[in-house]
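Visitor: Next up, coords18.cif (mmCIF, C-alpha atoms (C1' of nucleotides)).
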```cif
data_coords
#
loop_
_atom_site.group_PDB
_atom_site.id
_atom_site.type_symbol
_atom_site.label_atom_id
_atom_site.label_comp_id
_atom_site.auth_asym_id
_atom_site.auth_seq_id
_atom_site.Cartn_x
_atom_site.Cartn_y
_atom_site.Cartn_z
ATOM 1 C CA MET X 1 0.000 0.000 0.000
ATOM 2 C CA PRO X 2 1.785 3.100 -1.104
ATOM 3 C CA GLU X 3 1.832 5.749 1.637
ATOM 4 C CA LEU X 4 4.063 8.810 1.943
ATOM 5 C CA PRO X 5 7.441 6.967 2.024
ATOM 6 C CA GLU X 6 6.604 4.834 -0.999
ATOM 7 C CA VAL X 7 5.260 7.765 -3.012
ATOM 8 C CA GLU X 8 8.269 9.882 -1.998
ATOM 9 C CA THR X 9 10.607 7.137 -3.235
ATOM 10 C CA VAL X 10 8.801 7.052 -6.569
ATOM 11 C CA ALA X 11 8.951 10.868 -6.819
ATOM 12 C CA ARG X 12 12.719 10.904 -6.205
ATOM 13 C CA ASP X 13 13.329 8.135 -8.719
ATOM 14 C CA LEU X 14 11.174 9.869 -11.314
ATOM 15 C CA ARG X 15 13.164 13.103 -10.938
ATOM 16 C CA GLY X 16 16.244 11.256 -12.112
ATOM 17 C CA ALA X 17 14.478 9.192 -14.739
ATOM 18 C CA VAL X 18 12.085 11.500 -16.585
ATOM 19 C CA THR X 19 12.993 15.138 -15.887
ATOM 20 C CA GLY X 20 13.751 16.851 -19.205
ATOM 21 C CA ARG X 21 12.533 13.877 -21.257
ATOM 22 C CA ARG X 22 10.116 14.511 -24.133
ATOM 23 C CA ILE X 23 6.974 12.382 -24.441
ATOM 24 C CA GLU X 24 6.833 10.840 -27.895
ATOM 25 C CA ARG X 25 3.841 8.533 -27.829
ATOM 26 C CA VAL X 26 1.086 7.760 -25.334
ATOM 27 C CA THR X 27 -1.124 4.661 -25.164
ATOM 28 C CA VAL X 28 -4.118 4.451 -22.811
ATOM 29 C CA ASP X 29 -5.525 0.948 -22.401
ATOM 30 C CA ARG X 30 -7.915 1.789 -19.542
ATOM 31 C CA PRO X 31 -9.579 5.167 -20.085
ATOM 32 C CA ASP X 32 -11.717 4.702 -16.941
ATOM 33 C CA ILE X 33 -8.771 5.411 -14.601
ATOM 34 C CA VAL X 34 -7.950 8.686 -16.387
ATOM 35 C CA ARG X 35 -9.554 12.071 -15.728
ATOM 36 C CA VAL X 36 -8.962 14.740 -18.370
ATOM 37 C CA PRO X 37 -10.618 18.117 -19.032
ATOM 38 C CA ASP X 38 -13.990 18.018 -20.839
ATOM 39 C CA GLY X 39 -13.743 15.325 -23.462
ATOM 40 C CA ARG X 40 -10.108 15.863 -24.391
ATOM 41 C CA MET X 41 -7.772 12.928 -24.940
ATOM 42 C CA LEU X 42 -4.730 12.254 -22.803
ATOM 43 C CA PRO X 43 -2.413 11.169 -25.672
ATOM 44 C CA ALA X 44 -3.076 14.419 -27.551
ATOM 45 C CA LEU X 45 -2.534 16.464 -24.392
ATOM 46 C CA LEU X 46 0.760 14.795 -23.466
ATOM 47 C CA THR X 47 2.487 14.073 -26.755
ATOM 48 C CA GLY X 48 5.356 16.440 -27.440
ATOM 49 C CA GLN X 49 5.584 17.782 -23.897
ATOM 50 C CA ARG X 50 8.651 17.541 -21.657
ATOM 51 C CA PHE X 51 8.620 16.581 -17.993
ATOM 52 C CA GLU X 52 9.806 19.299 -15.671
ATOM 53 C CA GLY X 53 9.525 19.320 -11.865
ATOM 54 C CA ILE X 54 8.232 16.249 -10.054
ATOM 55 C CA GLU X 55 6.385 16.877 -6.804
ATOM 56 C CA ARG X 56 4.757 14.789 -4.107
ATOM 57 C CA ARG X 57 1.816 16.059 -2.083
ATOM 58 C CA GLY X 58 0.571 13.556 0.491
ATOM 59 C CA LYS X 59 0.143 10.329 -1.459
ATOM 60 C CA TYR X 60 -0.273 12.213 -4.754
ATOM 61 C CA LEU X 61 2.393 12.564 -7.439
ATOM 62 C CA LEU X 62 2.417 15.679 -9.590
ATOM 63 C CA LEU X 63 4.517 15.423 -12.733
ATOM 64 C CA GLY X 64 5.081 18.924 -14.092
ATOM 65 C CA LEU X 65 5.076 19.503 -17.845
ATOM 66 C CA ASP X 66 6.487 22.342 -19.925
ATOM 67 C CA SER X 67 2.982 23.641 -20.722
ATOM 68 C CA GLY X 68 2.567 24.395 -17.009
ATOM 69 C CA ASP X 69 -0.021 21.627 -16.669
ATOM 70 C CA GLU X 70 0.574 18.572 -14.537
ATOM 71 C CA LEU X 71 0.026 14.847 -14.756
ATOM 72 C CA MET X 72 -1.391 13.766 -11.421
ATOM 73 C CA VAL X 73 -0.981 10.163 -10.317
ATOM 74 C CA HIS X 74 -2.427 8.420 -7.273
ATOM 75 C CA LEU X 75 -1.205 4.853 -6.868
ATOM 76 C CA GLY X 76 -4.232 3.659 -4.905
ATOM 77 C CA MET X 77 -3.583 0.240 -3.417
ATOM 78 C CA THR X 78 -1.620 -1.621 -6.064
ATOM 79 C CA GLY X 79 -0.560 1.062 -8.532
ATOM 80 C CA HIS X 80 2.974 1.233 -9.938
ATOM 81 C CA LEU X 81 4.740 3.889 -11.961
ATOM 82 C CA LEU X 82 7.517 2.079 -13.755
ATOM 83 C CA VAL X 83 10.314 3.185 -16.051
ATOM 84 C CA CYS X 84 11.495 0.436 -18.387
ATOM 85 C CA ASP X 85 12.844 -0.109 -21.893
ATOM 86 C CA ALA X 86 10.213 0.734 -24.499
ATOM 87 C CA ASP X 87 10.410 -2.796 -25.904
ATOM 88 C CA ALA X 88 9.964 -4.556 -22.543
ATOM 89 C CA PRO X 89 6.964 -6.915 -22.466
ATOM 90 C CA VAL X 90 3.744 -5.228 -21.391
ATOM 91 C CA ALA X 91 2.325 -6.620 -18.129
ATOM 92 C CA LYS X 92 -1.252 -7.802 -17.706
ATOM 93 C CA HIS X 93 -2.440 -4.738 -15.796
ATOM 94 C CA THR X 94 -0.542 -1.983 -17.594
ATOM 95 C CA HIS X 95 -3.091 0.745 -18.270
ATOM 96 C CA LEU X 96 -0.964 3.594 -19.612
ATOM 97 C CA ARG X 97 2.337 3.878 -21.481
ATOM 98 C CA ALA X 98 4.276 7.012 -22.397
ATOM 99 C CA SER X 99 7.365 6.496 -24.540
ATOM 100 C CA LEU X 100 10.198 8.932 -23.900
ATOM 101 C CA ASP X 101 12.920 10.358 -26.136
ATOM 102 C CA ASP X 102 15.638 8.260 -24.467
ATOM 103 C CA GLY X 103 14.232 4.849 -25.398
ATOM 104 C CA HIS X 104 12.487 4.374 -22.064
ATOM 105 C CA GLU X 105 8.817 4.088 -21.361
ATOM 106 C CA LEU X 106 6.914 5.389 -18.337
ATOM 107 C CA ARG X 107 4.175 2.910 -17.482
ATOM 108 C CA PHE X 108 1.265 2.877 -15.052
ATOM 109 C CA ASP X 109 0.333 -0.584 -13.861
ATOM 110 C CA ASP X 110 -2.448 -1.287 -11.359
ATOM 111 C CA ALA X 111 -4.081 -4.677 -10.792
ATOM 112 C CA ARG X 112 -6.912 -3.456 -8.552
ATOM 113 C CA ARG X 113 -7.468 -0.205 -10.427
ATOM 114 C CA PHE X 114 -7.918 1.911 -7.291
ATOM 115 C CA GLY X 115 -5.293 4.265 -8.688
ATOM 116 C CA ARG X 116 -6.125 7.432 -10.624
ATOM 117 C CA ILE X 117 -4.454 9.564 -13.256
ATOM 118 C CA ALA X 118 -5.547 13.081 -14.098
ATOM 119 C CA TYR X 119 -4.300 15.920 -16.293
ATOM 120 C CA GLY X 120 -4.651 19.671 -15.914
ATOM 121 C CA SER X 121 -3.396 22.800 -14.217
ATOM 122 C CA ARG X 122 -3.011 22.621 -10.449
ATOM 123 C CA GLU X 123 -6.018 24.936 -10.125
ATOM 124 C CA ALA X 124 -8.173 22.807 -12.439
ATOM 125 C CA LEU X 125 -7.173 19.599 -10.648
ATOM 126 C CA THR X 126 -8.052 21.184 -7.322
ATOM 127 C CA ALA X 127 -11.305 22.688 -8.593
ATOM 128 C CA ALA X 128 -12.368 19.345 -10.078
ATOM 129 C CA ARG X 129 -11.462 17.830 -6.694
ATOM 130 C CA VAL X 130 -9.373 15.173 -8.399
ATOM 131 C CA LEU X 131 -6.639 16.569 -6.176
ATOM 132 C CA PRO X 132 -8.335 17.066 -2.810
ATOM 133 C CA ARG X 133 -7.473 19.612 -0.160
ATOM 134 C CA LEU X 134 -4.724 18.002 1.868
ATOM 135 C CA GLY X 135 -3.354 18.675 5.314
ATOM 136 C CA VAL X 136 0.165 19.404 6.519
ATOM 137 C CA GLU X 137 3.171 17.547 5.093
ATOM 138 C CA PRO X 138 4.509 15.521 8.041
ATOM 139 C CA LEU X 139 8.143 15.702 6.910
ATOM 140 C CA SER X 140 8.092 19.471 6.417
ATOM 141 C CA GLU X 141 9.031 22.265 8.806
ATOM 142 C CA ALA X 142 5.341 23.152 8.923
ATOM 143 C CA PHE X 143 4.577 19.950 10.835
ATOM 144 C CA SER X 144 4.892 21.468 14.285
ATOM 145 C CA GLN X 145 3.386 20.504 17.625
ATOM 146 C CA ALA X 146 0.871 23.285 17.105
ATOM 147 C CA ARG X 147 -0.195 21.842 13.749
ATOM 148 C CA LEU X 148 -0.566 18.314 15.106
ATOM 149 C CA ASP X 149 -2.396 19.626 18.164
ATOM 150 C CA ALA X 150 -4.831 21.414 15.851
ATOM 151 C CA VAL X 151 -5.605 18.030 14.272
ATOM 152 C CA LEU X 152 -5.925 16.134 17.565
ATOM 153 C CA ARG X 153 -6.895 18.363 20.465
ATOM 154 C CA THR X 154 -10.531 19.144 19.821
ATOM 155 C CA THR X 155 -11.836 16.067 18.025
ATOM 156 C CA THR X 156 -13.437 13.135 19.829
ATOM 157 C CA ARG X 157 -12.598 10.608 17.107
ATOM 158 C CA THR X 158 -9.939 7.945 17.542
ATOM 159 C CA VAL X 159 -6.268 8.608 16.794
ATOM 160 C CA LYS X 160 -6.509 6.083 13.970
ATOM 161 C CA ALA X 161 -9.447 7.876 12.332
ATOM 162 C CA ALA X 162 -7.896 11.320 12.731
ATOM 163 C CA LEU X 163 -4.567 10.287 11.225
ATOM 164 C CA LEU X 164 -6.206 8.418 8.328
ATOM 165 C CA ASP X 165 -7.955 11.667 7.387
ATOM 166 C CA GLN X 166 -5.768 13.255 4.711
ATOM 167 C CA LYS X 167 -7.199 16.696 5.450
ATOM 168 C CA GLY X 168 -5.335 16.742 8.769
ATOM 169 C CA VAL X 169 -1.935 15.220 8.077
ATOM 170 C CA ALA X 170 -1.252 14.245 4.441
ATOM 171 C CA GLY X 171 0.386 10.953 3.523
ATOM 172 C CA LEU X 172 -0.193 8.638 6.478
ATOM 173 C CA GLY X 173 -2.000 5.334 5.902
ATOM 174 C CA ASN X 174 -2.693 2.127 7.728
ATOM 175 C CA ILE X 175 0.902 0.900 8.010
ATOM 176 C CA TYR X 176 2.627 4.024 9.301
ATOM 177 C CA ILE X 177 -0.189 5.080 11.630
ATOM 178 C CA ASP X 178 0.060 1.775 13.498
ATOM 179 C CA GLU X 179 3.861 2.018 13.499
ATOM 180 C CA ALA X 180 3.861 5.612 14.766
ATOM 181 C CA CYS X 181 1.339 4.789 17.494
ATOM 182 C CA PHE X 182 3.536 1.911 18.648
ATOM 183 C CA LEU X 183 6.630 4.081 18.757
ATOM 184 C CA ALA X 184 4.693 6.769 20.633
ATOM 185 C CA GLY X 185 3.249 4.249 23.105
ATOM 186 C CA VAL X 186 -0.317 5.351 22.272
ATOM 187 C CA ARG X 187 -3.137 2.971 21.367
ATOM 188 C CA PRO X 188 -4.645 3.885 17.986
ATOM 189 C CA THR X 189 -8.098 3.370 19.519
ATOM 190 C CA ARG X 190 -7.633 6.278 21.956
ATOM 191 C CA ARG X 191 -9.885 9.334 21.667
ATOM 192 C CA CYS X 192 -7.875 12.306 20.432
ATOM 193 C CA HIS X 193 -9.233 14.909 22.858
ATOM 194 C CA ARG X 194 -8.218 12.756 25.807
ATOM 195 C CA LEU X 195 -4.554 12.517 24.863
ATOM 196 C CA ALA X 196 -2.129 14.117 27.288
ATOM 197 C CA ARG X 197 0.256 16.793 26.028
ATOM 198 C CA ARG X 198 3.204 14.420 26.296
ATOM 199 C CA GLU X 199 1.319 11.823 24.229
ATOM 200 C CA ARG X 200 0.718 14.341 21.458
ATOM 201 C CA ALA X 201 4.401 15.249 21.641
ATOM 202 C CA ALA X 202 5.328 11.569 21.406
ATOM 203 C CA LEU X 203 3.082 11.170 18.357
ATOM 204 C CA LEU X 204 4.680 14.156 16.618
ATOM 205 C CA ASP X 205 8.100 12.675 17.164
ATOM 206 C CA ALA X 206 7.036 9.143 16.216
ATOM 207 C CA ILE X 207 5.350 10.203 12.961
ATOM 208 C CA ARG X 208 8.486 12.072 11.905
ATOM 209 C CA GLN X 209 10.773 9.183 12.840
ATOM 210 C CA VAL X 210 8.708 6.382 11.326
ATOM 211 C CA LEU X 211 8.234 8.229 8.031
ATOM 212 C CA SER X 212 11.798 9.451 7.619
ATOM 213 C CA ALA X 213 13.221 6.000 8.392
ATOM 214 C CA ALA X 214 10.840 4.459 5.841
ATOM 215 C CA VAL X 215 11.962 6.974 3.191
ATOM 216 C CA VAL X 216 15.608 6.053 3.885
ATOM 217 C CA ASN X 217 14.628 2.391 3.450
ATOM 218 C CA ARG X 218 12.806 3.164 0.179
ATOM 219 C CA GLY X 219 9.391 2.161 1.510
ATOM 220 C CA SER X 220 7.740 -1.049 2.676
ATOM 221 C CA SER X 221 7.224 -3.770 0.045
ATOM 222 C CA ILE X 222 4.665 -5.925 1.872
ATOM 223 C CA ASP X 223 3.282 -7.473 -1.282
ATOM 224 C CA ASP X 224 2.664 -5.079 -4.137
ATOM 225 C CA TYR X 225 4.772 -1.980 -3.705
ATOM 226 C CA ARG X 226 7.747 -1.570 -6.056
ATOM 227 C CA ASP X 227 9.820 1.465 -7.005
ATOM 228 C CA VAL X 228 10.183 2.951 -10.487
ATOM 229 C CA TRP X 229 12.752 0.262 -11.383
ATOM 230 C CA ASN X 230 10.430 -2.486 -10.096
ATOM 231 C CA ALA X 231 12.677 -3.070 -7.069
ATOM 232 C CA ARG X 232 11.492 -3.685 -3.513
ATOM 233 C CA GLY X 233 12.032 -1.381 -0.568
ATOM 234 C CA SER X 234 13.376 -2.793 2.702
ATOM 235 C CA ASN X 235 11.294 -1.062 5.366
ATOM 236 C CA GLN X 236 8.936 -4.063 5.699
ATOM 237 C CA GLU X 237 11.751 -5.740 7.631
ATOM 238 C CA ARG X 238 11.578 -3.027 10.281
ATOM 239 C CA LEU X 239 7.847 -2.929 10.936
ATOM 240 C CA GLN X 240 7.060 -3.464 14.609
ATOM 241 C CA VAL X 241 3.302 -4.061 14.585
ATOM 242 C CA TYR X 242 1.757 -3.812 11.103
ATOM 243 C CA GLY X 243 0.744 -7.293 9.929
ATOM 244 C CA ARG X 244 1.911 -8.856 13.206
ATOM 245 C CA GLY X 245 -1.411 -9.354 15.040
ATOM 246 C CA GLY X 246 -1.246 -12.457 17.265
ATOM 247 C CA MET X 247 2.552 -12.430 17.252
ATOM 248 C CA PRO X 248 4.751 -11.380 20.187
ATOM 249 C CA CYS X 249 5.700 -7.720 20.654
ATOM 250 C CA PHE X 250 9.408 -7.216 19.854
ATOM 251 C CA GLU X 251 9.707 -4.999 22.948
ATOM 252 C CA CYS X 252 7.919 -6.981 25.670
ATOM 253 C CA GLY X 253 6.736 -10.291 24.226
ATOM 254 C CA THR X 254 3.038 -9.594 24.813
ATOM 255 C CA THR X 255 0.793 -11.004 22.068
ATOM 256 C CA LEU X 256 -0.081 -8.100 19.754
ATOM 257 C CA ARG X 257 -3.794 -7.319 19.593
ATOM 258 C CA ARG X 258 -5.533 -7.091 16.263
ATOM 259 C CA THR X 259 -8.754 -5.118 16.017
ATOM 260 C CA VAL X 260 -10.684 -2.882 13.627
ATOM 261 C CA ALA X 261 -10.558 0.889 14.076
ATOM 262 C CA ALA X 262 -12.023 3.405 11.648
ATOM 263 C CA GLY X 263 -12.804 0.445 9.396
ATOM 264 C CA ARG X 264 -9.153 -0.621 9.126
ATOM 265 C CA THR X 265 -7.221 -3.559 10.532
ATOM 266 C CA THR X 266 -5.309 -2.149 13.482
ATOM 267 C CA VAL X 267 -2.556 -3.814 15.521
ATOM 268 C CA TYR X 268 -1.100 -2.637 18.818
ATOM 269 C CA CYS X 269 0.609 -3.872 21.969
ATOM 270 C CA THR X 270 -1.672 -3.775 25.031
ATOM 271 C CA SER X 271 1.379 -3.479 27.269
ATOM 272 C CA CYS X 272 3.602 -0.968 25.440
ATOM 273 C CA GLN X 273 0.701 1.219 24.268
ATOM 274 C CA ARG X 274 -1.752 2.884 26.642
ATOM 275 C "C1'" DC L 1 -19.477 16.233 13.478
ATOM 276 C "C1'" DC L 2 -18.460 11.444 13.363
ATOM 277 C "C1'" DC L 3 -19.234 6.747 12.731
ATOM 278 C "C1'" DC L 4 -20.126 2.723 9.925
ATOM 279 C "C1'" DT L 5 -20.899 0.500 5.606
ATOM 280 C "C1'" DA L 6 -20.771 -0.144 0.760
ATOM 281 C "C1'" DT L 7 -18.309 0.666 -3.466
ATOM 282 C "C1'" DC L 8 -14.573 0.098 -6.632
ATOM 283 C "C1'" DC L 9 -11.170 -4.362 -7.854
ATOM 284 C "C1'" DT L 10 -7.974 -8.538 -8.162
ATOM 285 C "C1'" DG L 11 -5.074 -11.888 -6.154
ATOM 286 C "C1'" DA L 12 -3.793 -14.617 -2.344
ATOM 287 C "C1'" DG L 13 -4.852 -17.999 0.902
ATOM 288 C "C1'" DG L 14 -7.813 -21.220 3.540
ATOM 289 C "C1'" DG L 15 -11.264 -24.890 3.599
ATOM 290 C "C1'" DC L 16 -13.164 -28.750 1.488
ATOM 291 C "C1'" DT C 1 -6.867 -29.549 -9.071
ATOM 292 C "C1'" DG C 2 -10.274 -26.434 -8.463
ATOM 293 C "C1'" DC C 3 -14.020 -23.921 -6.625
ATOM 294 C "C1'" DC C 4 -15.898 -20.808 -3.318
ATOM 295 C "C1'" DC C 5 -15.364 -17.704 0.302
ATOM 296 C "C1'" DT C 6 -12.952 -14.120 2.783
ATOM 297 C "C1'" DC C 7 -9.736 -10.617 3.226
ATOM 298 C "C1'" DA C 8 -6.651 -6.765 2.050
ATOM 299 C "C1'" DG C 9 -7.565 -1.319 1.874
ATOM 300 C "C1'" DG C 10 -7.312 4.535 -0.254
ATOM 301 C "C1'" DA C 11 -10.790 7.475 -1.159
ATOM 302 C "C1'" DT C 12 -15.459 8.689 -1.455
ATOM 303 C "C1'" DA C 13 -20.486 8.617 -0.985
ATOM 304 C "C1'" DG C 14 -24.569 7.836 1.604
ATOM 305 C "C1'" DG C 15 -27.238 6.678 5.779
ATOM 306 C "C1'" DG C 16 -27.809 6.929 10.812
#
```
Re-express the file's structure as structure tokens.
Guide:
Amino acid sequence: MPELPEVETVARDLRGAVTGRRIERVTVDRPDIVRVPDGRMLPALLTGQRFEGIERRGKYLLLGLDSGDELMVHLGMTGHLLVCDADAPVAKHTHLRASLDDGHELRFDDARRFGRIAYGSREALTAARVLPRLGVEPLSEAFSQARLDAVLRTTTRTVKAALLDQKGVAGLGNIYIDEACFLAGVRPTRRCHRLARRERAALLDAIRQVLSAAVVNRGSSIDDYRDVWNARGSNQERLQVYGRGGMPCFECGTTLRRTVAAGRTTVYCTSCQR
DNA sequence: CCCCTATCCTGAGGGC
DNA sequence: TGCCCTCAGGATAGGG
């Protein structure tokens, strides 16, 4: 499941792989995953343009083009942006291909088709709500205690629900919320407004640490996630609680509890997390 | 405001 | 060997 660290890894790889490259030919095999302005066609819009700046916002990728418009990509659950040789065999679930002027091809592959691709100016993408309003970037300077407190202090919802909401903090998902809660010693089922100041401080620290370590490790490849070169990350080897329900806590040996919070599988240690 | 559920979708894994 | 069922979940929509 691509969350901030996985999408950040893809963004960094893409900067090296496609910046300055001209798009020569575009093939769309699955028009239903693509959103373009009023009846226009993506191949016609993209062909001839060069990639400029590549940005990540939350779990969204924004590939800048020389027209000033952007190609927005959300990887959903199983989406991949891959850069390969143009003559490499096309996989079963490849929905979009853009051949580049260096013999490579940028491909979007997504078995479950939860991913989305859209084209337009940043304003148009926002207005069409293809790119939603997102909260603070948790690896930026702007992610202060005050900003996290604003997300947590007044709401009665659970920590899990609040952190899944992309309007508060952008880029967290099921894996890294459970990991951050473990590191902070806070149960994800706790009500936000009842957290002590030191627990909110611990969460701020834990979110930063868990995400930055995962970026260093190029993301968690649990089953589907791969980088632009189709290689696995290594952060799955460092996960403390995600996917470990019923297994012993690495810290204290207590059997990790698995439950459902905010509609998502949630794992925590009843002894280390309060 | 917030929760839960259904929806989209395929592949993996368990049971028989 | 294969079929059926369940589960996984990011974002969103609709009902309570």
Visitor: When the PyMOL selection byres ((chain X) within 8 of (chain C)) is applied to the file above, which residues end up in the set, as an mmCIF file with C-alpha atoms, keeping the file's coordinate frame?
Guide:
```
data_model
loop_
_atom_site.group_PDB
_atom_site.id
_atom_site.type_symbol
_atom_site.label_atom_id
_atom_site.label_comp_id
_atom_site.auth_asym_id
_atom_site.auth_seq_id
_atom_site.Cartn_x
_atom_site.Cartn_y
_atom_site.Cartn_z
ATOM 1 C CA MET X 1 0.000 0.000 0.000
ATOM 2 C CA GLY X 76 -4.232 3.659 -4.905
ATOM 3 C CA MET X 77 -3.583 0.240 -3.417
ATOM 4 C CA PHE X 114 -7.918 1.911 -7.291
ATOM 5 C CA ARG X 264 -9.153 -0.621 9.126
#
```
Visitor: Report as a ChimeraX atom specification all protein, DNA and RNA residues lying within 10 Å of region 67-70 of chain X, evaluated on all atoms listed in the file, omitting residues in the same chain fewer than 5 positions from it.
Guide: /X:45-46,49-55,61-62,118-125
Visitor: Using all atoms listed in the file, determine which residues of chain L fall within 10 Å of chain X; present them as a VMD selection string.
Guide: chain L and resid 1 to 5 8 to 11
Visitor: Write the residues of the preceding selection, restricted to C-alpha atoms (C1' of nucleotides), as an mmCIF file, in the frame of the given file.
Guide:
```cif
data_model
loop_
_atom_site.group_PDB
_atom_site.id
_atom_site.type_symbol
_atom_site.label_atom_id
_atom_site.label_comp_id
_atom_site.auth_asym_id
_atom_site.auth_seq_id
_atom_site.Cartn_x
_atom_site.Cartn_y
_atom_site.Cartn_z
ATOM 1 C "C1'" DC L 1 -19.477 16.233 13.478
ATOM 2 C "C1'" DC L 2 -18.460 11.444 13.363
ATOM 3 C "C1'" DC L 3 -19.234 6.747 12.731
ATOM 4 C "C1'" DC L 4 -20.126 2.723 9.925
ATOM 5 C "C1'" DT L 5 -20.899 0.500 5.606
ATOM 6 C "C1'" DC L 8 -14.573 0.098 -6.632
ATOM 7 C "C1'" DC L 9 -11.170 -4.362 -7.854
ATOM 8 C "C1'" DT L 10 -7.974 -8.538 -8.162
ATOM 9 C "C1'" DG L 11 -5.074 -11.888 -6.154
#
```
Visitor: Can you tell me, as a PyMOL selection string, which residues sit within 12 Å of (-9.6, 9.8, -19.6) in the file's frame, using all atoms listed in the file?
Guide: chain X and resi 27-45+71+95-96+116-120
Visitor: May I have the residues within 10 Å of Trp229 (chain X) as a list in words, using all atoms listed in the file and disregarding those fewer than 6 positions away in the same chain?
Guide: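 My reading of the contact set: Val10, Asp13, Leu14, Ala17, His80, Leu81, Leu82, Val83 and Cys84 of chain X.
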Visitor: Given the selection you just returned, output its residues as a file containing C-alpha atoms, formatted as a PDB file, in the coordinates of the input.
Guide:
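Just written: selection.pdb:
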```pdb
ATOM      1  CA  VAL X  10       8.801   7.052  -6.569  1.00  0.00           C
ATOM      2  CA  ASP X  13      13.329   8.135  -8.719  1.00  0.00           C
ATOM      3  CA  LEU X  14      11.174   9.869 -11.314  1.00  0.00           C
ATOM      4  CA  ALA X  17      14.478   9.192 -14.739  1.00  0.00           C
ATOM      5  CA  HIS X  80       2.974   1.233  -9.938  1.00  0.00           C
ATOM      6  CA  LEU X  81       4.740   3.889 -11.961  1.00  0.00           C
ATOM      7  CA  LEU X  82       7.517   2.079 -13.755  1.00  0.00           C
ATOM      8  CA  VAL X  83      10.314   3.185 -16.051  1.00  0.00           C
ATOM      9  CA  CYS X  84      11.495   0.436 -18.387  1.00  0.00           C
TER      10      CYS X  84
END
```
Visitor: CA of Ile222 (chain X) to C1' of DT7 (chain L): how many Å, to one decimal?
Guide: 24.5 Å
Visitor: Any idea what's packed within 6 Å of Ala86 (chain X), counting all atoms listed in the file, ignoring anything in its chain fewer than 6 positions away? Could you give it as a PyMOL selection string?
Guide: chain X and resi 103-105
Visitor: Write out as JSON, numbers by chain the residues lying within 7 Å of Lys160 (chain X), counting all atoms listed in the file and excluding same-chain residues fewer than 4 positions away.
Guide: {"X": [164, 177, 188, 189, 261, 262]}
Visitor: Rounded to one decimal, what separation in Å do you get between CA of Lys167 (chain X) and CA of Ser220 (chain X)?
Guide: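 Computed distance, CA of Lys167 (chain X) to CA of Ser220 (chain X), equals 23.4 Å.
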Visitor: So what do you get for CA of Ser271 (chain X) versus CA of Thr254 (chain X), distance-wise?
Guide: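 It comes out at 6.8 Å.
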Visitor: Might you pull out every residue within 8 Å of Tyr268 (chain X), with all atoms listed in the file counted and same-chain residues fewer than 5 positions away left off, and present them as a list in words?
Guide: Asp178, Cys181, Phe182, Arg187, Pro188, Val241, Gly245, Leu256, Arg257, Arg258 and Gln273 of chain X
Visitor: Step by step, work through what the PyMOL selection byres ((chain X and resi 202) around 9) selects in the shown file, and finish by giving those residues as a list in words.
Guide: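 Checked against the file, the PyMOL selection byres ((chain X and resi 202) around 9) matches Cys181, Leu183, Ala184, Gly185, Val186, Arg197, Arg198, Glu199, Arg200, Ala201, Leu203, Leu204, Asp205, Ala206 and Ile207 of chain X.
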Visitor: Deliver the residues from the most recent selection as a file, using C-alpha atoms, as an mmCIF file, in the frame of the given file.
Guide:
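Output file out.cif follows:
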```cif
data_model
loop_
_atom_site.group_PDB
_atom_site.id
_atom_site.type_symbol
_atom_site.label_atom_id
_atom_site.label_comp_id
_atom_site.auth_asym_id
_atom_site.auth_seq_id
_atom_site.Cartn_x
_atom_site.Cartn_y
_atom_site.Cartn_z
ATOM 1 C CA CYS X 181 1.339 4.789 17.494
ATOM 2 C CA LEU X 183 6.630 4.081 18.757
ATOM 3 C CA ALA X 184 4.693 6.769 20.633
ATOM 4 C CA GLY X 185 3.249 4.249 23.105
ATOM 5 C CA VAL X 186 -0.317 5.351 22.272
ATOM 6 C CA ARG X 197 0.256 16.793 26.028
ATOM 7 C CA ARG X 198 3.204 14.420 26.296
ATOM 8 C CA GLU X 199 1.319 11.823 24.229
ATOM 9 C CA ARG X 200 0.718 14.341 21.458
ATOM 10 C CA ALA X 201 4.401 15.249 21.641
ATOM 11 C CA LEU X 203 3.082 11.170 18.357
ATOM 12 C CA LEU X 204 4.680 14.156 16.618
ATOM 13 C CA ASP X 205 8.100 12.675 17.164
ATOM 14 C CA ALA X 206 7.036 9.143 16.216
ATOM 15 C CA ILE X 207 5.350 10.203 12.961
#
```
Visitor: Extending 6 Å beyond the listed atoms of region 23-39 of chain X on each side, what axis-aligned box results? I want centre and edge lengths in Å to one decimal, as AutoDock Vina command-line options.
Guide:
```
--center_x -3.5 --center_y 9.5 --center_z -21.2 --size_x 33.0 --size_y 29.2 --size_z 25.3
```
